[in-house]
Amino acid sequence: MDLYLPIANLSVNAFVIVALGLGVGLLSGMFGVGGGFLTTPLLIVYGIPPTVAAASAASQVTGASVSGVFAHLRRDGVDIKMGMVLVFGGVLGSFAGAGLFTLLQARGLIDTVIAILYVLMLGSIGGLMLYESIYSMRAARAGIAPRPRRKRHHPLVAMLPLRWRFYRSGLYISPLAPVILGFLTGILTMLLGVGGGFILVPAMIYLLGMGTAVVVGTSLFQILFVTAWATMVHATTTKAVDIVLAALLLLGSVVGAQLGARFASKAKPEQLRLALAVIVLVVAIRMLLGLAWRPDEIYSVELL
Amino acid sequence: MGERAGAALIRKSALILLAPLLLGQAQSPAKPVLIPDVSQRDIEIAYSFTGADLLLFGAILYPKGQAPAESGRTDVVVVIKGPTQSVLVREKEKVAGIWVNADRMRYRSAPSFYAIASSKPIKALVDERTRAIYELGVDSLALSPASGASPDVQRRFDAGLVDLRKRGGLYYEAPGAVEITSGVLYRARLTIPARVPVGRFTAETFLIRDGRVLAAAVRPIDIRKSGFERFVARSADRYSVIYGLVAVALSVLLGWGAGAIWRRF
C-alpha cells in the first residue's frame, strides 16, 4: 500500500516501513536497545532524506522505550535522581548537537561525520561485546564461575569534585560524571537519531559502577526523555519530523518490542549478547564499506 | 452540421487565444497554429499520491484547414517544467581512503523537474542553438550557475546534476512519445513522479518545422498538497511546537498502549 509522506515529500510502501519498525522493535525488545542505530541507516537506504530519517527515528525510539520504562518503574528498577541528572546533561548535549549539525551541514560533511561516528562507535562496542560474550560462554562451558566484577567506579570519575548520593544506584559520586555522559549521548541523539543506549549501558556499568539492577531502567528513562526532547528540537529547528513516517515506524516497533521481550525471557543472556554483537558489527562493517568504496552518487544536491 | 459548427468554434477560440501570434504571422499566412491543452490543470497530492499521469494534447491548425502533404508536416515537442530551485551541488572525492564532499557549485535556478516528449528525437529536429534558446533537452537546460568556475569544471557539475536527477526520475526525455494523428491532432502522455516539490509547473508546447520553432504555447499546472497532507505540512511549518508535542504524545501513547494491551494477554 503506497502512502505519501507529507514532510519527506515522497510516497513509500507503508508495509515496508511497518515491517522495518517491527524488525527494529523486535531487536529493541530482545536486547533492551532503542534500535535507532538500525532505523536511521535503513530509512536512508530506502530513500528517505537523511535529516527526515534521523528526526523521525528519534520519535520511534521514544515509543519503543516507553513500555520498558513503565515495566522497570513497576519493579523499582529506575534511579530517578540519576536519570534526571542524565536527562539534564542530555538536553544540554542536544543543543550542542543541533549546533554541530548545522555547522557540519553547511560544510557538507554531515553524512561523512555520521558514517564515521557510526563505524567507530558500533565497531568498538560490537567488538567488546563479541569478546565478552564469547569469553563468558567459554567460561560457562569450562565450568568456571565468571569472576564477579567489583562494583567500583572509574578513578577518573572519583577525581571529579562535588559529590551526591544516588541511593538506588548505590553510589556516592560527583553529578558531573552522569552530566557529561548524558551530554555526549545527547549530541549523538541529535546527530544520529539514536537513543544512545548502547553507549549508556556499558558506560554506566564500567565507568560509573552503577548497580546492574537499575542500569537498564535508568538508561531507558534517559533515552525516553532525551529522544522526546530531540523530536521537539527537530520539529522546531529542522522541521524534518514526518509524523506519518513516525506513526508507521511506531506501529511496527511497539508490537515488535513486546514480541522481542517475550523471546528474550526464553533465551540465554550470553547468546543474546553474542547475537547483538554480530548485528552491531555487521552494521559497522556495512558503513565502513560505504565510506571506502566508490559511492554510486559522486554528486549530491542540497536545496538552498 | 454539428461537426462544422464545432470546428468553427474551435477555430474561433483559437483565434482569440492566439490573436497575437496570428497578427505576427500576417505576412506569412502559410504558418500553422497550435491549440494545446493539458488533461489536468491542478494536481492535488493526497495520502495515496504516487505521481501523476498527464495527457498533453491539442490540434495543429493549418491555413485553410488542410493538412499539407507528408513533406510539409510539422513536429511537436512538449515540455513539462517544475518550479526552479536554488541548489548546491557537491562532489565527492577520495581523501585519505574515504569518500568525502570536496568541491561544490551553486546553481541559482535549476528546474526541480523537467520532462520532454517529442515526435522525433529532439536532436534530429533542431540544432544546438535552438535547443539552448528554448531549453529543449536535458543537455540544453539553462542551469545558471552562481559561482564563477572554469567551463570545464562547470560542465562536469552540470553533467553531475543532470545525471543525478535523471536517475531519480526527475529529468527525462521521451523521444517519440508525441503521437500525431493525420498530421493535425497530437497527444503525449508524461508522468510526474511523487518526489517532485509542490508549486507551479508549466507545460510548454512547440511546433517545429525545418529546424525552426513556428509556434509555442504555455499552460500552467499547479501541484499542491491537499487535505490531511496539506494540514500536516502546514502544521509542521507554522505550529512547530504543537506539532512536535503531538509527535511526542503519539509515540508515548502508542508505546504505552501496546505495553498495556499486551499485559492483558
# chains A, B, ... in the order shown; residues from 1 in each chain; ligands from 1
$ select_by_dssp --residues "range 51-163 of chain A" --states "alpha helix (DSSP H)" --output "ChimeraX atom specification"
/A:51-74,80-107,110-142,155-159
$ closest_atom_pairs --of "chain B" --to "chain A" --cutoff "8 Å" --atoms "only C-alpha atoms" --output "JSON lines"
{"residue": "B:Ala46", "atom": "CA", "partner": "A:Tyr4", "partner_atom": "CA", "distance": 7.1}
{"residue": "B:Tyr47", "atom": "CA", "partner": "A:Tyr4", "partner_atom": "CA", "distance": 4.9}
{"residue": "B:Ser48", "atom": "CA", "partner": "A:Leu3", "partner_atom": "CA", "distance": 5.1}
{"residue": "B:Phe49", "atom": "CA", "partner": "A:Tyr4", "partner_atom": "CA", "distance": 5.8}
{"residue": "B:Thr50", "atom": "CA", "partner": "A:Ser11", "partner_atom": "CA", "distance": 5.9}
{"residue": "B:Gln85", "atom": "CA", "partner": "A:Leu303", "partner_atom": "CA", "distance": 7.1}
{"residue": "B:Ser86", "atom": "CA", "partner": "A:Leu304", "partner_atom": "CA", "distance": 5.4}
{"residue": "B:Val87", "atom": "CA", "partner": "A:Leu303", "partner_atom": "CA", "distance": 4.6}
{"residue": "B:Leu88", "atom": "CA", "partner": "A:Glu302", "partner_atom": "CA", "distance": 5.1}
{"residue": "B:Val89", "atom": "CA", "partner": "A:Val301", "partner_atom": "CA", "distance": 4.6}
{"residue": "B:Arg90", "atom": "CA", "partner": "A:Ser300", "partner_atom": "CA", "distance": 5.3}
{"residue": "B:Glu91", "atom": "CA", "partner": "A:Tyr299", "partner_atom": "CA", "distance": 4.6}
{"residue": "B:Lys92", "atom": "CA", "partner": "A:Ile298", "partner_atom": "CA", "distance": 5.1}
{"residue": "B:Glu93", "atom": "CA", "partner": "A:Ile298", "partner_atom": "CA", "distance": 7.7}
{"residue": "B:Gly97", "atom": "CA", "partner": "A:Ala292", "partner_atom": "CA", "distance": 6.0}
{"residue": "B:Ile98", "atom": "CA", "partner": "A:Ala292", "partner_atom": "CA", "distance": 4.7}
{"residue": "B:Trp99", "atom": "CA", "partner": "A:Leu291", "partner_atom": "CA", "distance": 5.7}
{"residue": "B:Val100", "atom": "CA", "partner": "A:Thr112", "partner_atom": "CA", "distance": 6.2}
{"residue": "B:Asn101", "atom": "CA", "partner": "A:Gly108", "partner_atom": "CA", "distance": 6.2}
{"residue": "B:Gly160", "atom": "CA", "partner": "A:Tyr299", "partner_atom": "CA", "distance": 5.9}
{"residue": "B:Leu161", "atom": "CA", "partner": "A:Tyr299", "partner_atom": "CA", "distance": 6.9}
{"residue": "B:Leu164", "atom": "CA", "partner": "A:Tyr299", "partner_atom": "CA", "distance": 7.1}
{"residue": "B:Ala194", "atom": "CA", "partner": "A:Leu10", "partner_atom": "CA", "distance": 5.4}
{"residue": "B:Arg195", "atom": "CA", "partner": "A:Leu10", "partner_atom": "CA", "distance": 4.8}
{"residue": "B:Val196", "atom": "CA", "partner": "A:Asn9", "partner_atom": "CA", "distance": 7.5}
{"residue": "B:Pro197", "atom": "CA", "partner": "A:Asn9", "partner_atom": "CA", "distance": 7.1}
{"residue": "B:Glu229", "atom": "CA", "partner": "A:Pro6", "partner_atom": "CA", "distance": 5.2}
{"residue": "B:Arg230", "atom": "CA", "partner": "A:Pro6", "partner_atom": "CA", "distance": 7.4}
{"residue": "B:Val232", "atom": "CA", "partner": "A:Pro6", "partner_atom": "CA", "distance": 6.6}
{"residue": "B:Ala233", "atom": "CA", "partner": "A:Pro6", "partner_atom": "CA", "distance": 5.8}
{"residue": "B:Ala236", "atom": "CA", "partner": "A:Lys239", "partner_atom": "CA", "distance": 6.4}
{"residue": "B:Asp237", "atom": "CA", "partner": "A:Lys239", "partner_atom": "CA", "distance": 6.7}
{"residue": "B:Ser240", "atom": "CA", "partner": "A:Thr236", "partner_atom": "CA", "distance": 5.2}
{"residue": "B:Val241", "atom": "CA", "partner": "A:Thr236", "partner_atom": "CA", "distance": 6.1}
{"residue": "B:Tyr243", "atom": "CA", "partner": "A:Ala235", "partner_atom": "CA", "distance": 7.0}
{"residue": "B:Gly244", "atom": "CA", "partner": "A:Met232", "partner_atom": "CA", "distance": 4.9}
{"residue": "B:Leu245", "atom": "CA", "partner": "A:Met232", "partner_atom": "CA", "distance": 6.8}
{"residue": "B:Ala247", "atom": "CA", "partner": "A:Ile243", "partner_atom": "CA", "distance": 6.1}
{"residue": "B:Val248", "atom": "CA", "partner": "A:Ala228", "partner_atom": "CA", "distance": 5.8}
{"residue": "B:Leu250", "atom": "CA", "partner": "A:Ala247", "partner_atom": "CA", "distance": 7.6}
{"residue": "B:Ser251", "atom": "CA", "partner": "A:Gly63", "partner_atom": "CA", "distance": 4.4}
{"residue": "B:Val252", "atom": "CA", "partner": "A:Gly63", "partner_atom": "CA", "distance": 5.2}
{"residue": "B:Leu253", "atom": "CA", "partner": "A:Gly63", "partner_atom": "CA", "distance": 7.7}
{"residue": "B:Leu254", "atom": "CA", "partner": "A:Gly63", "partner_atom": "CA", "distance": 6.4}
{"residue": "B:Gly255", "atom": "CA", "partner": "A:Gly63", "partner_atom": "CA", "distance": 4.4}
{"residue": "B:Trp256", "atom": "CA", "partner": "A:Ser67", "partner_atom": "CA", "distance": 5.1}
{"residue": "B:Ala258", "atom": "CA", "partner": "A:Val254", "partner_atom": "CA", "distance": 6.0}
{"residue": "B:Gly259", "atom": "CA", "partner": "A:Ser67", "partner_atom": "CA", "distance": 5.3}
{"residue": "B:Trp262", "atom": "CA", "partner": "A:Gln258", "partner_atom": "CA", "distance": 7.2}
$ residues_around --residues "Asp210 in chain B" --least-positions-apart "5" --cutoff "12 Å" --atoms "only C-alpha atoms" --output "PyMOL selection string"
chain B and resi 71-76+124-127+130
$ write_last_selection --atoms "C-alpha atoms" --output "PDB file, in the first residue's frame"
ATOM      1  CA  SER B  71       6.908  16.611 -46.577  1.00  0.00           C
ATOM      2  CA  GLY B  72       5.411  19.846 -45.268  1.00  0.00           C
ATOM      3  CA  ARG B  73       4.256  18.434 -41.951  1.00  0.00           C
ATOM      4  CA  THR B  74       5.349  19.729 -38.611  1.00  0.00           C
ATOM      5  CA  ASP B  75       6.709  18.075 -35.492  1.00  0.00           C
ATOM      6  CA  VAL B  76       5.545  18.685 -31.957  1.00  0.00           C
ATOM      7  CA  ALA B 124      17.010  15.373 -35.217  1.00  0.00           C
ATOM      8  CA  LEU B 125      14.525  18.258 -35.067  1.00  0.00           C
ATOM      9  CA  VAL B 126      16.506  21.368 -34.136  1.00  0.00           C
ATOM     10  CA  ASP B 127      20.141  22.464 -33.944  1.00  0.00           C
ATOM     11  CA  THR B 130      17.719  26.499 -30.946  1.00  0.00           C
TER      12      THR B 130
END
$ residues_around --residues "Ile116 in chain B" --least-positions-apart "3" --cutoff "8 Å" --atoms "only C-alpha atoms" --output "PyMOL selection string"
chain B and resi 77-80+136-137+172-175
$ write_last_selection --atoms "N, CA and C atoms" --output "PDB file, in the first residue's frame"
ATOM      1  N   VAL B  77       6.804  19.203 -29.966  1.00  0.00           N
ATOM      2  CA  VAL B  77       7.604  18.899 -28.783  1.00  0.00           C
ATOM      3  C   VAL B  77       6.853  19.445 -27.568  1.00  0.00           C
ATOM      4  N   VAL B  78       6.690  18.632 -26.533  1.00  0.00           N
ATOM      5  CA  VAL B  78       6.074  19.142 -25.302  1.00  0.00           C
ATOM      6  C   VAL B  78       7.068  19.017 -24.149  1.00  0.00           C
ATOM      7  N   VAL B  79       7.051  20.018 -23.304  1.00  0.00           N
ATOM      8  CA  VAL B  79       7.993  20.070 -22.188  1.00  0.00           C
ATOM      9  C   VAL B  79       7.217  20.385 -20.913  1.00  0.00           C
ATOM     10  N   ILE B  80       7.454  19.619 -19.846  1.00  0.00           N
ATOM     11  CA  ILE B  80       6.897  19.979 -18.538  1.00  0.00           C
ATOM     12  C   ILE B  80       8.064  20.362 -17.646  1.00  0.00           C
ATOM     13  N   LEU B 136      15.441  22.915 -24.913  1.00  0.00           N
ATOM     14  CA  LEU B 136      14.885  21.651 -25.372  1.00  0.00           C
ATOM     15  C   LEU B 136      15.908  20.538 -25.147  1.00  0.00           C
ATOM     16  N   GLY B 137      15.604  19.623 -24.266  1.00  0.00           N
ATOM     17  CA  GLY B 137      16.509  18.515 -23.987  1.00  0.00           C
ATOM     18  C   GLY B 137      17.255  18.720 -22.687  1.00  0.00           C
ATOM     19  N   TYR B 172      13.773  13.719 -17.569  1.00  0.00           N
ATOM     20  CA  TYR B 172      13.824  12.656 -18.573  1.00  0.00           C
ATOM     21  C   TYR B 172      13.382  13.133 -19.950  1.00  0.00           C
ATOM     22  N   GLU B 173      13.822  12.360 -20.934  1.00  0.00           N
ATOM     23  CA  GLU B 173      13.462  12.637 -22.317  1.00  0.00           C
ATOM     24  C   GLU B 173      12.659  11.459 -22.838  1.00  0.00           C
ATOM     25  N   ALA B 174      11.607  11.739 -23.577  1.00  0.00           N
ATOM     26  CA  ALA B 174      10.813  10.668 -24.156  1.00  0.00           C
ATOM     27  C   ALA B 174      10.675  10.927 -25.648  1.00  0.00           C
ATOM     28  N   PRO B 175      11.720  10.617 -26.419  1.00  0.00           N
ATOM     29  CA  PRO B 175      11.630  10.836 -27.864  1.00  0.00           C
ATOM     30  C   PRO B 175      10.604   9.878 -28.459  1.00  0.00           C
TER      31      PRO B 175
END
$ residues_around --residues "Leu61 in chain B" --least-positions-apart "2" --cutoff "8 Å" --atoms "only C-alpha atoms" --output "ChimeraX atom specification"
/B:32-35,59,63,65,184
$ write_last_selection --atoms "C-alpha atoms" --output "PDB file, in the first residue's frame"
ATOM      1  CA  PRO B  32       0.189  26.667 -38.940  1.00  0.00           C
ATOM      2  CA  VAL B  33      -1.026  27.458 -35.425  1.00  0.00           C
ATOM      3  CA  LEU B  34      -1.168  25.446 -32.257  1.00  0.00           C
ATOM      4  CA  ILE B  35      -4.038  24.824 -29.844  1.00  0.00           C
ATOM      5  CA  ALA B  59      -4.526  20.405 -32.532  1.00  0.00           C
ATOM      6  CA  PRO B  63      -4.177  27.538 -43.089  1.00  0.00           C
ATOM      7  CA  GLY B  65      -7.925  23.785 -42.618  1.00  0.00           C
ATOM      8  CA  VAL B 184      -3.395  17.603 -37.125  1.00  0.00           C
TER       9      VAL B 184
END
$ atom_distance --atom1 "CA of Val282 in chain A" --atom2 "CA of Met121 in chain A"
12.6 Å
$ closest_residue --among "A:Val280, A:Leu220, A:Ile285, A:Leu191" --to "Ile125 in chain A" --atoms "only C-alpha atoms"
A:Val280
$ residues_around --residues "Gly186 in chain A" --least-positions-apart "4" --cutoff "9 Å" --atoms "only C-alpha atoms" --output "ChimeraX atom specification"
/A:87,89-97,181-182,190-191,195-196,226-227,230
$ select_by_dssp --residues "range 160-223 of chain A" --states "strand (DSSP E)" --output "ChimeraX atom specification"
/A:164-166,171-173
$ write_last_selection --atoms "N, CA and C atoms" --output "mmCIF file, in the first residue's frame"
data_model
loop_
_atom_site.group_PDB
_atom_site.id
_atom_site.type_symbol
_atom_site.label_atom_id
_atom_site.label_comp_id
_atom_site.auth_asym_id
_atom_site.auth_seq_id
_atom_site.Cartn_x
_atom_site.Cartn_y
_atom_site.Cartn_z
ATOM 1 N N TRP A 164 27.354 13.692 45.197
ATOM 2 C CA TRP A 164 25.955 13.486 45.577
ATOM 3 C C TRP A 164 25.755 12.010 45.884
ATOM 4 N N ARG A 165 24.727 11.756 46.692
ATOM 5 C CA ARG A 165 24.373 10.359 46.924
ATOM 6 C C ARG A 165 23.270 9.931 45.963
ATOM 7 N N PHE A 166 23.497 8.803 45.287
ATOM 8 C CA PHE A 166 22.460 8.207 44.438
ATOM 9 C C PHE A 166 22.096 6.882 45.082
ATOM 10 N N LEU A 171 25.553 4.690 44.878
ATOM 11 C CA LEU A 171 26.748 5.451 44.512
ATOM 12 C C LEU A 171 26.843 6.737 45.316
ATOM 13 N N TYR A 172 28.075 7.153 45.545
ATOM 14 C CA TYR A 172 28.333 8.464 46.125
ATOM 15 C C TYR A 172 29.378 9.109 45.230
ATOM 16 N N ILE A 173 28.907 9.754 44.150
ATOM 17 C CA ILE A 173 29.832 10.299 43.146
ATOM 18 C C ILE A 173 29.408 11.710 42.746
#
$ residues_around --residues "Tyr131 in chain A" --least-positions-apart "5" --cutoff "10 Å" --atoms "only C-alpha atoms" --output "VMD selection string"
chain A and resid 125 to 126 136 274 277
$ atom_distance --atom1 "CA of Leu117 in chain A" --atom2 "CA of Gly197 in chain A"
15.1 Å
$ closest_residue --among "A:Leu120, A:Ile114, A:Leu26, A:Ala106" --to "Ala284 in chain A" --atoms "only C-alpha atoms"
A:Leu120
$ atom_distance --atom1 "CA of Gly99 in chain A" --atom2 "CA of Arg286 in chain A"
27.8 Å
